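One structure is given here, and the rest of the page talks about it.
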Amino acid sequence: RAAAAAAATRRAALVRAVPLLQPLSEATRAVVADALERVEFADGAVVFEQGETGDALYLVDEGAVKMVVNAGGKKGGSGKEEKEGEKVVVVTVAAGGHFGERALVRSEPRAASAVADGYAVLYRLPAAAFAALLGPLDAVWSAEALRKAPALSALSPEQLSKVAAAMGRGGVKKGGVVFATGDPGDAFYVVDEGEAIVSVEAEMEVEVEEGGEGGKKKRKVKTTKEVARLGKGAVFGELALMTRAPRAATVTAATDLSLLRLSASDFEAMLGR
């Protein structure tokens, strides 16, 4: 019994260390930890190959795993690779680490091969098992983020999940404007990837020269002031759901920004408001 409890504690710690899963609540992460599959690999055994479609996240419990890329082989006249290139170790993931987490978000080819560096014990979380338990990852952590928004505190867990699943995805390039002060309050957002800046209009006094005698006079000029930065999982613009009032601030992309968005009208139609 003690050994089982210790293993459960290790699994929970491994899940908690995955940045992609950190926005989830402790209870949701516990569900994820219970779904992990224990797998063992001998020295040199291949966990997955570069180019294979990613279908699972791996957590390293014991040992280490090398991430290896094919540095490129010789090309034939058709442009196809005729000879395998040099194998290069780009990183070694030690106990407590993880790899392959993008498989929980989307199916795409693995960028590297994973090879056991000595005997290794891993925990595997298949993307299909995660989705069967909790739904798509984006919708799960979006629901967790929405639960923290005061404007949505009256919604039930089922309603929050419904709202999260209905959100559309969009992007704004670095420096682009999500919405500006005075724009209609017609939607709310959750930051998926990247960082956003919230700024408000402000006035400041400056001295300006007047006339030809070097006289100076103070004048008020309009400027903008940064008041907040928003990272992954942050909810903003949700007051539009209650008031439809014009935006009181401007939100711009500090980096390339991936957002989840739901219009106020869709929100009202969905919940019968």
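Each chain of the structure tokens is named A, B, ... in the order shown, its residues numbered from 1; ligands are numbered from 1 in display order.
Near segment 4-6 of chain A, within 12 Å and counting only C-alpha atoms, sit Ala12, Ala13 and Asp34 of chain A, not including residues fewer than 6 positions from it in the same chain.
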Since we have the selection now, will you write its residues out, keeping N, CA, C and O atoms, as a PDB file, in the first residue's frame?
ATOM      1  N   ALA A  12       1.611  12.280  -9.683  1.00  0.00           N
ATOM      2  CA  ALA A  12       1.012  13.608  -9.521  1.00  0.00           C
ATOM      3  C   ALA A  12       2.063  14.697  -9.714  1.00  0.00           C
ATOM      4  O   ALA A  12       1.800  15.731 -10.346  1.00  0.00           O
ATOM      5  N   ALA A  13       3.274  14.475  -9.176  1.00  0.00           N
ATOM      6  CA  ALA A  13       4.342  15.462  -9.311  1.00  0.00           C
ATOM      7  C   ALA A  13       4.785  15.594 -10.766  1.00  0.00           C
ATOM      8  O   ALA A  13       5.064  16.700 -11.244  1.00  0.00           O
ATOM      9  N   ASP A  34      -4.166   9.560 -12.863  1.00  0.00           N
ATOM     10  CA  ASP A  34      -4.738   8.217 -12.749  1.00  0.00           C
ATOM     11  C   ASP A  34      -4.800   7.502 -14.102  1.00  0.00           C
ATOM     12  O   ASP A  34      -4.883   6.279 -14.150  1.00  0.00           O
TER      13      ASP A  34
END
Quick one: everything within 12 Å of Arg102 of chain A, counting only C-alpha atoms, minus sequence neighbours fewer than 6 positions away in the same chain. Send it as JSON, numbers by chain. {"A": [18, 19, 20, 21, 53, 54, 55, 56, 57, 58, 108, 109, 110, 111, 125, 126, 127, 137, 138]}
Excluding segment 182-196 of chain A and any residue of its chain fewer than 6 positions from it, enumerate the residues within 8 Å of it, using only C-alpha atoms, and give them as a VMD selection string. chain A and resid 138 142 145 229 to 241 243 to 249 251 to 265
Using the selection just defined, write its residues with N, CA and C atoms as a short mmCIF file (atom, residue, chain, number, x, y, z; two decimals), in the first residue's frame.
data_model
loop_
_atom_site.label_atom_id
_atom_site.label_comp_id
_atom_site.auth_asym_id
_atom_site.auth_seq_id
_atom_site.Cartn_x
_atom_site.Cartn_y
_atom_site.Cartn_z
N ASP A 138 -7.67 21.95 -25.22
CA ASP A 138 -7.98 23.38 -25.29
C ASP A 138 -9.26 23.69 -24.52
N SER A 142 -9.45 25.78 -21.04
CA SER A 142 -10.26 27.00 -21.19
C SER A 142 -11.35 27.05 -20.14
N ALA A 145 -9.84 28.10 -16.96
CA ALA A 145 -9.55 29.54 -16.97
C ALA A 145 -10.84 30.34 -16.77
N ARG A 229 -0.25 42.72 -18.18
CA ARG A 229 0.18 41.77 -19.21
C ARG A 229 -0.57 40.47 -18.97
N LEU A 230 -1.01 39.86 -20.04
CA LEU A 230 -1.84 38.65 -19.95
C LEU A 230 -1.13 37.49 -20.63
N GLY A 231 -0.99 36.38 -19.91
CA GLY A 231 -0.35 35.19 -20.46
C GLY A 231 -1.34 34.07 -20.67
N LYS A 232 -0.81 32.88 -20.96
CA LYS A 232 -1.64 31.71 -21.26
C LYS A 232 -2.69 31.47 -20.18
N GLY A 233 -3.92 31.28 -20.61
CA GLY A 233 -5.02 31.00 -19.69
C GLY A 233 -5.74 32.23 -19.19
N ALA A 234 -5.22 33.42 -19.48
CA ALA A 234 -5.88 34.66 -19.01
C ALA A 234 -7.16 34.92 -19.80
N VAL A 235 -8.20 35.35 -19.10
CA VAL A 235 -9.48 35.70 -19.70
C VAL A 235 -9.59 37.22 -19.72
N PHE A 236 -10.02 37.78 -20.84
CA PHE A 236 -10.22 39.23 -20.89
C PHE A 236 -11.39 39.57 -21.81
N GLY A 237 -11.96 40.76 -21.58
CA GLY A 237 -13.11 41.21 -22.37
C GLY A 237 -14.42 40.62 -21.93
N GLU A 238 -14.43 39.91 -20.78
CA GLU A 238 -15.66 39.20 -20.38
C GLU A 238 -16.78 40.13 -19.92
N LEU A 239 -16.46 41.38 -19.59
CA LEU A 239 -17.53 42.31 -19.20
C LEU A 239 -18.50 42.56 -20.35
N ALA A 240 -18.04 42.28 -21.58
CA ALA A 240 -18.92 42.42 -22.74
C ALA A 240 -20.13 41.50 -22.64
N LEU A 241 -19.99 40.41 -21.86
CA LEU A 241 -21.10 39.47 -21.72
C LEU A 241 -22.24 40.07 -20.90
N THR A 243 -22.55 43.81 -20.13
CA THR A 243 -22.92 45.21 -20.36
C THR A 243 -22.95 45.63 -21.82
N ARG A 244 -22.19 44.93 -22.67
CA ARG A 244 -22.03 45.34 -24.08
C ARG A 244 -21.47 46.76 -24.19
N ALA A 245 -20.89 47.28 -23.12
CA ALA A 245 -20.35 48.64 -23.13
C ALA A 245 -19.10 48.71 -24.00
N PRO A 246 -18.78 49.89 -24.54
CA PRO A 246 -17.54 50.03 -25.33
C PRO A 246 -16.32 49.66 -24.49
N ARG A 247 -15.27 49.19 -25.17
CA ARG A 247 -14.06 48.77 -24.47
C ARG A 247 -13.43 49.94 -23.72
N ALA A 248 -13.02 49.69 -22.49
CA ALA A 248 -12.40 50.72 -21.66
C ALA A 248 -10.88 50.70 -21.77
N ALA A 249 -10.34 49.74 -22.51
CA ALA A 249 -8.89 49.62 -22.65
C ALA A 249 -8.56 49.06 -24.02
N VAL A 251 -6.13 46.29 -26.07
CA VAL A 251 -5.33 45.07 -25.89
C VAL A 251 -4.54 44.82 -27.17
N THR A 252 -3.23 44.74 -27.05
CA THR A 252 -2.36 44.49 -28.19
C THR A 252 -1.52 43.24 -27.95
N ALA A 253 -0.98 42.69 -29.00
CA ALA A 253 -0.16 41.47 -28.92
C ALA A 253 1.29 41.83 -28.64
N ALA A 254 1.80 41.42 -27.48
CA ALA A 254 3.21 41.62 -27.16
C ALA A 254 4.08 40.64 -27.93
N THR A 255 3.52 39.49 -28.24
CA THR A 255 4.16 38.47 -29.07
C THR A 255 3.10 38.01 -30.07
N ASP A 256 3.47 37.13 -30.99
CA ASP A 256 2.43 36.49 -31.79
C ASP A 256 1.47 35.83 -30.82
N LEU A 257 0.19 36.03 -31.05
CA LEU A 257 -0.83 35.67 -30.06
C LEU A 257 -1.83 34.69 -30.66
N SER A 258 -2.09 33.62 -29.94
CA SER A 258 -3.16 32.68 -30.30
C SER A 258 -4.27 32.84 -29.26
N LEU A 259 -5.49 33.06 -29.74
CA LEU A 259 -6.61 33.35 -28.85
C LEU A 259 -7.79 32.43 -29.09
N LEU A 260 -8.56 32.19 -28.04
CA LEU A 260 -9.88 31.58 -28.15
C LEU A 260 -10.90 32.69 -27.96
N ARG A 261 -11.95 32.70 -28.77
CA ARG A 261 -12.89 33.82 -28.77
C ARG A 261 -14.32 33.30 -28.83
N LEU A 262 -15.20 33.98 -28.10
CA LEU A 262 -16.63 33.70 -28.19
C LEU A 262 -17.38 35.02 -28.18
N SER A 263 -18.29 35.19 -29.15
CA SER A 263 -19.04 36.44 -29.21
C SER A 263 -20.09 36.49 -28.11
N ALA A 264 -20.45 37.69 -27.70
CA ALA A 264 -21.46 37.86 -26.66
C ALA A 264 -22.80 37.31 -27.13
N SER A 265 -23.13 37.49 -28.41
CA SER A 265 -24.40 36.99 -28.92
C SER A 265 -24.45 35.46 -28.90
#
What is the atom CA of Ala27 of chain A to atom CA of Ala64 of chain A distance in Å? 28.4 Å
Separation of atom CA of Tyr119 of chain A and atom CA of Leu59 of chain A, in Å?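 Answer for the atom CA of Tyr119 of chain A to atom CA of Leu59 of chain A separation: 14.3 Å.
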From a backbone DSSP assignment, name each residue in segment 81-183 of chain A labelled alpha helix (DSSP H), as number ranges by chain. A: 127-134, 137-147, 157-166
Just list the residues in segment 146-246 of chain A DSSP gives strand (DSSP E) on the backbone, as a PDB file with N, CA and C atoms, in the first residue's frame.
ATOM      1  N   GLY A 168     -14.095  29.808 -30.625  1.00  0.00           N
ATOM      2  CA  GLY A 168     -13.333  29.697 -31.860  1.00  0.00           C
ATOM      3  C   GLY A 168     -11.897  30.128 -31.641  1.00  0.00           C
ATOM      4  N   ARG A 169     -11.034  29.752 -32.565  1.00  0.00           N
ATOM      5  CA  ARG A 169      -9.611  30.066 -32.443  1.00  0.00           C
ATOM      6  C   ARG A 169      -9.209  31.110 -33.474  1.00  0.00           C
ATOM      7  N   GLY A 170      -8.347  32.026 -33.071  1.00  0.00           N
ATOM      8  CA  GLY A 170      -7.832  33.039 -33.983  1.00  0.00           C
ATOM      9  C   GLY A 170      -6.453  33.475 -33.548  1.00  0.00           C
ATOM     10  N   GLY A 171      -5.829  34.323 -34.345  1.00  0.00           N
ATOM     11  CA  GLY A 171      -4.480  34.770 -34.029  1.00  0.00           C
ATOM     12  C   GLY A 171      -4.284  36.245 -34.338  1.00  0.00           C
ATOM     13  N   VAL A 172      -3.362  36.866 -33.623  1.00  0.00           N
ATOM     14  CA  VAL A 172      -2.977  38.254 -33.859  1.00  0.00           C
ATOM     15  C   VAL A 172      -1.456  38.307 -33.868  1.00  0.00           C
ATOM     16  N   VAL A 177      -3.545  44.697 -32.893  1.00  0.00           N
ATOM     17  CA  VAL A 177      -4.542  45.102 -31.896  1.00  0.00           C
ATOM     18  C   VAL A 177      -5.677  44.079 -31.857  1.00  0.00           C
ATOM     19  N   VAL A 178      -5.965  43.570 -30.669  1.00  0.00           N
ATOM     20  CA  VAL A 178      -7.114  42.670 -30.483  1.00  0.00           C
ATOM     21  C   VAL A 178      -8.388  43.501 -30.472  1.00  0.00           C
ATOM     22  N   PHE A 179      -8.423  44.529 -29.643  1.00  0.00           N
ATOM     23  CA  PHE A 179      -9.470  45.554 -29.690  1.00  0.00           C
ATOM     24  C   PHE A 179      -8.911  46.832 -29.072  1.00  0.00           C
ATOM     25  N   ALA A 187     -17.370  40.554 -27.623  1.00  0.00           N
ATOM     26  CA  ALA A 187     -16.806  39.209 -27.491  1.00  0.00           C
ATOM     27  C   ALA A 187     -15.859  39.183 -26.301  1.00  0.00           C
ATOM     28  N   PHE A 188     -15.544  37.970 -25.841  1.00  0.00           N
ATOM     29  CA  PHE A 188     -14.501  37.838 -24.828  1.00  0.00           C
ATOM     30  C   PHE A 188     -13.489  36.795 -25.298  1.00  0.00           C
ATOM     31  N   TYR A 189     -12.324  36.766 -24.637  1.00  0.00           N
ATOM     32  CA  TYR A 189     -11.178  36.015 -25.140  1.00  0.00           C
ATOM     33  C   TYR A 189     -10.464  35.253 -24.020  1.00  0.00           C
ATOM     34  N   VAL A 190      -9.778  34.182 -24.434  1.00  0.00           N
ATOM     35  CA  VAL A 190      -8.844  33.470 -23.558  1.00  0.00           C
ATOM     36  C   VAL A 190      -7.518  33.375 -24.312  1.00  0.00           C
ATOM     37  N   VAL A 191      -6.425  33.696 -23.628  1.00  0.00           N
ATOM     38  CA  VAL A 191      -5.103  33.592 -24.263  1.00  0.00           C
ATOM     39  C   VAL A 191      -4.707  32.120 -24.345  1.00  0.00           C
ATOM     40  N   ASP A 192      -4.472  31.655 -25.559  1.00  0.00           N
ATOM     41  CA  ASP A 192      -4.037  30.275 -25.785  1.00  0.00           C
ATOM     42  C   ASP A 192      -2.516  30.195 -25.743  1.00  0.00           C
ATOM     43  N   GLU A 193      -1.852  31.008 -26.552  1.00  0.00           N
ATOM     44  CA  GLU A 193      -0.391  31.065 -26.568  1.00  0.00           C
ATOM     45  C   GLU A 193       0.035  32.519 -26.732  1.00  0.00           C
ATOM     46  N   ALA A 196      -0.256  39.239 -24.129  1.00  0.00           N
ATOM     47  CA  ALA A 196      -0.965  40.444 -24.565  1.00  0.00           C
ATOM     48  C   ALA A 196      -0.728  41.568 -23.570  1.00  0.00           C
ATOM     49  N   ILE A 197      -0.800  42.798 -24.079  1.00  0.00           N
ATOM     50  CA  ILE A 197      -0.622  43.994 -23.248  1.00  0.00           C
ATOM     51  C   ILE A 197      -1.958  44.731 -23.152  1.00  0.00           C
ATOM     52  N   VAL A 198      -2.345  45.092 -21.935  1.00  0.00           N
ATOM     53  CA  VAL A 198      -3.535  45.907 -21.709  1.00  0.00           C
ATOM     54  C   VAL A 198      -3.072  47.330 -21.405  1.00  0.00           C
ATOM     55  N   SER A 199      -3.592  48.305 -22.146  1.00  0.00           N
ATOM     56  CA  SER A 199      -3.204  49.695 -21.922  1.00  0.00           C
ATOM     57  C   SER A 199      -4.441  50.584 -21.914  1.00  0.00           C
ATOM     58  N   VAL A 200      -4.337  51.700 -21.207  1.00  0.00           N
ATOM     59  CA  VAL A 200      -5.447  52.649 -21.115  1.00  0.00           C
ATOM     60  C   VAL A 200      -4.955  54.028 -21.530  1.00  0.00           C
ATOM     61  N   GLU A 201      -5.895  54.868 -21.929  1.00  0.00           N
ATOM     62  CA  GLU A 201      -5.542  56.237 -22.285  1.00  0.00           C
ATOM     63  C   GLU A 201      -5.329  57.055 -21.011  1.00  0.00           C
ATOM     64  N   ALA A 202      -4.339  57.937 -21.051  1.00  0.00           N
ATOM     65  CA  ALA A 202      -4.032  58.775 -19.897  1.00  0.00           C
ATOM     66  C   ALA A 202      -3.590  60.148 -20.383  1.00  0.00           C
ATOM     67  N   GLU A 203      -3.578  61.098 -19.481  1.00  0.00           N
ATOM     68  CA  GLU A 203      -3.104  62.445 -19.803  1.00  0.00           C
ATOM     69  C   GLU A 203      -1.855  62.750 -18.984  1.00  0.00           C
ATOM     70  N   MET A 204      -0.929  63.474 -19.591  1.00  0.00           N
ATOM     71  CA  MET A 204       0.254  63.902 -18.863  1.00  0.00           C
ATOM     72  C   MET A 204       0.608  65.336 -19.246  1.00  0.00           C
ATOM     73  N   GLU A 205       1.237  66.039 -18.321  1.00  0.00           N
ATOM     74  CA  GLU A 205       1.624  67.415 -18.583  1.00  0.00           C
ATOM     75  C   GLU A 205       3.029  67.469 -19.167  1.00  0.00           C
ATOM     76  N   VAL A 206       3.195  68.264 -20.215  1.00  0.00           N
ATOM     77  CA  VAL A 206       4.513  68.466 -20.811  1.00  0.00           C
ATOM     78  C   VAL A 206       4.734  69.960 -20.992  1.00  0.00           C
ATOM     79  N   GLU A 207       5.992  70.358 -21.011  1.00  0.00           N
ATOM     80  CA  GLU A 207       6.327  71.753 -21.246  1.00  0.00           C
ATOM     81  C   GLU A 207       6.622  71.965 -22.722  1.00  0.00           C
ATOM     82  N   VAL A 208       6.010  72.969 -23.310  1.00  0.00           N
ATOM     83  CA  VAL A 208       6.244  73.273 -24.721  1.00  0.00           C
ATOM     84  C   VAL A 208       6.657  74.733 -24.836  1.00  0.00           C
ATOM     85  N   GLU A 209       7.525  75.014 -25.790  1.00  0.00           N
ATOM     86  CA  GLU A 209       7.972  76.387 -26.020  1.00  0.00           C
ATOM     87  C   GLU A 209       6.930  77.145 -26.815  1.00  0.00           C
ATOM     88  N   GLU A 210       6.707  78.379 -26.431  1.00  0.00           N
ATOM     89  CA  GLU A 210       5.752  79.226 -27.134  1.00  0.00           C
ATOM     90  C   GLU A 210       6.375  80.591 -27.414  1.00  0.00           C
ATOM     91  N   GLY A 215       9.736  81.310 -24.084  1.00  0.00           N
ATOM     92  CA  GLY A 215       8.729  81.053 -23.066  1.00  0.00           C
ATOM     93  C   GLY A 215       8.227  79.622 -23.121  1.00  0.00           C
ATOM     94  N   LYS A 216       7.886  79.073 -21.975  1.00  0.00           N
ATOM     95  CA  LYS A 216       7.394  77.708 -21.903  1.00  0.00           C
ATOM     96  C   LYS A 216       6.041  77.683 -21.211  1.00  0.00           C
ATOM     97  N   LYS A 217       5.231  76.740 -21.639  1.00  0.00           N
ATOM     98  CA  LYS A 217       3.911  76.605 -21.063  1.00  0.00           C
ATOM     99  C   LYS A 217       3.580  75.122 -20.924  1.00  0.00           C
ATOM    100  N   LYS A 218       2.905  74.778 -19.841  1.00  0.00           N
ATOM    101  CA  LYS A 218       2.520  73.383 -19.627  1.00  0.00           C
ATOM    102  C   LYS A 218       1.224  73.077 -20.366  1.00  0.00           C
ATOM    103  N   ARG A 219       1.241  71.957 -21.032  1.00  0.00           N
ATOM    104  CA  ARG A 219       0.038  71.497 -21.725  1.00  0.00           C
ATOM    105  C   ARG A 219      -0.202  70.018 -21.416  1.00  0.00           C
ATOM    106  N   LYS A 220      -1.454  69.637 -21.439  1.00  0.00           N
ATOM    107  CA  LYS A 220      -1.809  68.237 -21.243  1.00  0.00           C
ATOM    108  C   LYS A 220      -1.884  67.536 -22.593  1.00  0.00           C
ATOM    109  N   VAL A 221      -1.234  66.390 -22.681  1.00  0.00           N
ATOM    110  CA  VAL A 221      -1.279  65.603 -23.911  1.00  0.00           C
ATOM    111  C   VAL A 221      -1.764  64.198 -23.574  1.00  0.00           C
ATOM    112  N   LYS A 222      -2.410  63.572 -24.535  1.00  0.00           N
ATOM    113  CA  LYS A 222      -2.909  62.203 -24.344  1.00  0.00           C
ATOM    114  C   LYS A 222      -1.806  61.202 -24.649  1.00  0.00           C
ATOM    115  N   THR A 223      -1.733  60.171 -23.828  1.00  0.00           N
ATOM    116  CA  THR A 223      -0.765  59.109 -24.030  1.00  0.00           C
ATOM    117  C   THR A 223      -1.406  57.789 -23.610  1.00  0.00           C
ATOM    118  N   THR A 224      -0.686  56.716 -23.730  1.00  0.00           N
ATOM    119  CA  THR A 224      -1.201  55.416 -23.289  1.00  0.00           C
ATOM    120  C   THR A 224      -0.326  54.878 -22.174  1.00  0.00           C
ATOM    121  N   LYS A 225      -0.935  54.144 -21.271  1.00  0.00           N
ATOM    122  CA  LYS A 225      -0.226  53.591 -20.124  1.00  0.00           C
ATOM    123  C   LYS A 225      -0.523  52.100 -20.018  1.00  0.00           C
ATOM    124  N   GLU A 226       0.531  51.293 -19.952  1.00  0.00           N
ATOM    125  CA  GLU A 226       0.360  49.851 -19.790  1.00  0.00           C
ATOM    126  C   GLU A 226      -0.086  49.554 -18.367  1.00  0.00           C
ATOM    127  N   VAL A 227      -1.144  48.756 -18.233  1.00  0.00           N
ATOM    128  CA  VAL A 227      -1.660  48.439 -16.898  1.00  0.00           C
ATOM    129  C   VAL A 227      -1.591  46.943 -16.564  1.00  0.00           C
ATOM    130  N   ALA A 228      -1.402  46.098 -17.578  1.00  0.00           N
ATOM    131  CA  ALA A 228      -1.346  44.662 -17.294  1.00  0.00           C
ATOM    132  C   ALA A 228      -0.766  43.909 -18.475  1.00  0.00           C
ATOM    133  N   ARG A 229      -0.251  42.722 -18.185  1.00  0.00           N
ATOM    134  CA  ARG A 229       0.179  41.774 -19.212  1.00  0.00           C
ATOM    135  C   ARG A 229      -0.566  40.467 -18.972  1.00  0.00           C
ATOM    136  N   LEU A 230      -1.009  39.855 -20.042  1.00  0.00           N
ATOM    137  CA  LEU A 230      -1.835  38.655 -19.954  1.00  0.00           C
ATOM    138  C   LEU A 230      -1.128  37.489 -20.633  1.00  0.00           C
ATOM    139  N   VAL A 235      -8.197  35.350 -19.096  1.00  0.00           N
ATOM    140  CA  VAL A 235      -9.483  35.698 -19.701  1.00  0.00           C
ATOM    141  C   VAL A 235      -9.592  37.217 -19.725  1.00  0.00           C
ATOM    142  N   PHE A 236     -10.019  37.781 -20.843  1.00  0.00           N
ATOM    143  CA  PHE A 236     -10.225  39.230 -20.885  1.00  0.00           C
ATOM    144  C   PHE A 236     -11.391  39.571 -21.808  1.00  0.00           C
TER     145      PHE A 236
END
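The two atoms in question, atom CA of Lys66 of chain A and atom CA of Arg106 of chain A, are spaced 22.6 Å apart.
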Nearest to Ala165 of chain A: which of A:Thr92, A:Arg124, A:Phe267, A:Thr181 is it, counting only C-alpha atoms?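 Closest to Ala165 of chain A of all the choices is A:Phe267.
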Residue nearest Val90 of chain A among A:Met67, A:Leu104, A:Val31, A:Ala45 (counting only C-alpha atoms):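 Ranking A:Met67, A:Leu104, A:Val31, A:Ala45 by distance to Val90 of chain A, first place goes to A:Met67.
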Could you tell me which of A:Ala7, A:Ala112, A:Ala94, A:Val163 comes closest to Ala143 of chain A if we count only C-alpha atoms?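 Checking each candidate against Ala143 of chain A, we get A:Val163 as the closest.
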Measuring atom to atom with only C-alpha atoms, identify which of A:Val60, A:Ala164, A:Val65, A:Lys174 is nearest to Pro136 of chain A.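 Selected residue with least distance to Pro136 of chain A: A:Ala164.
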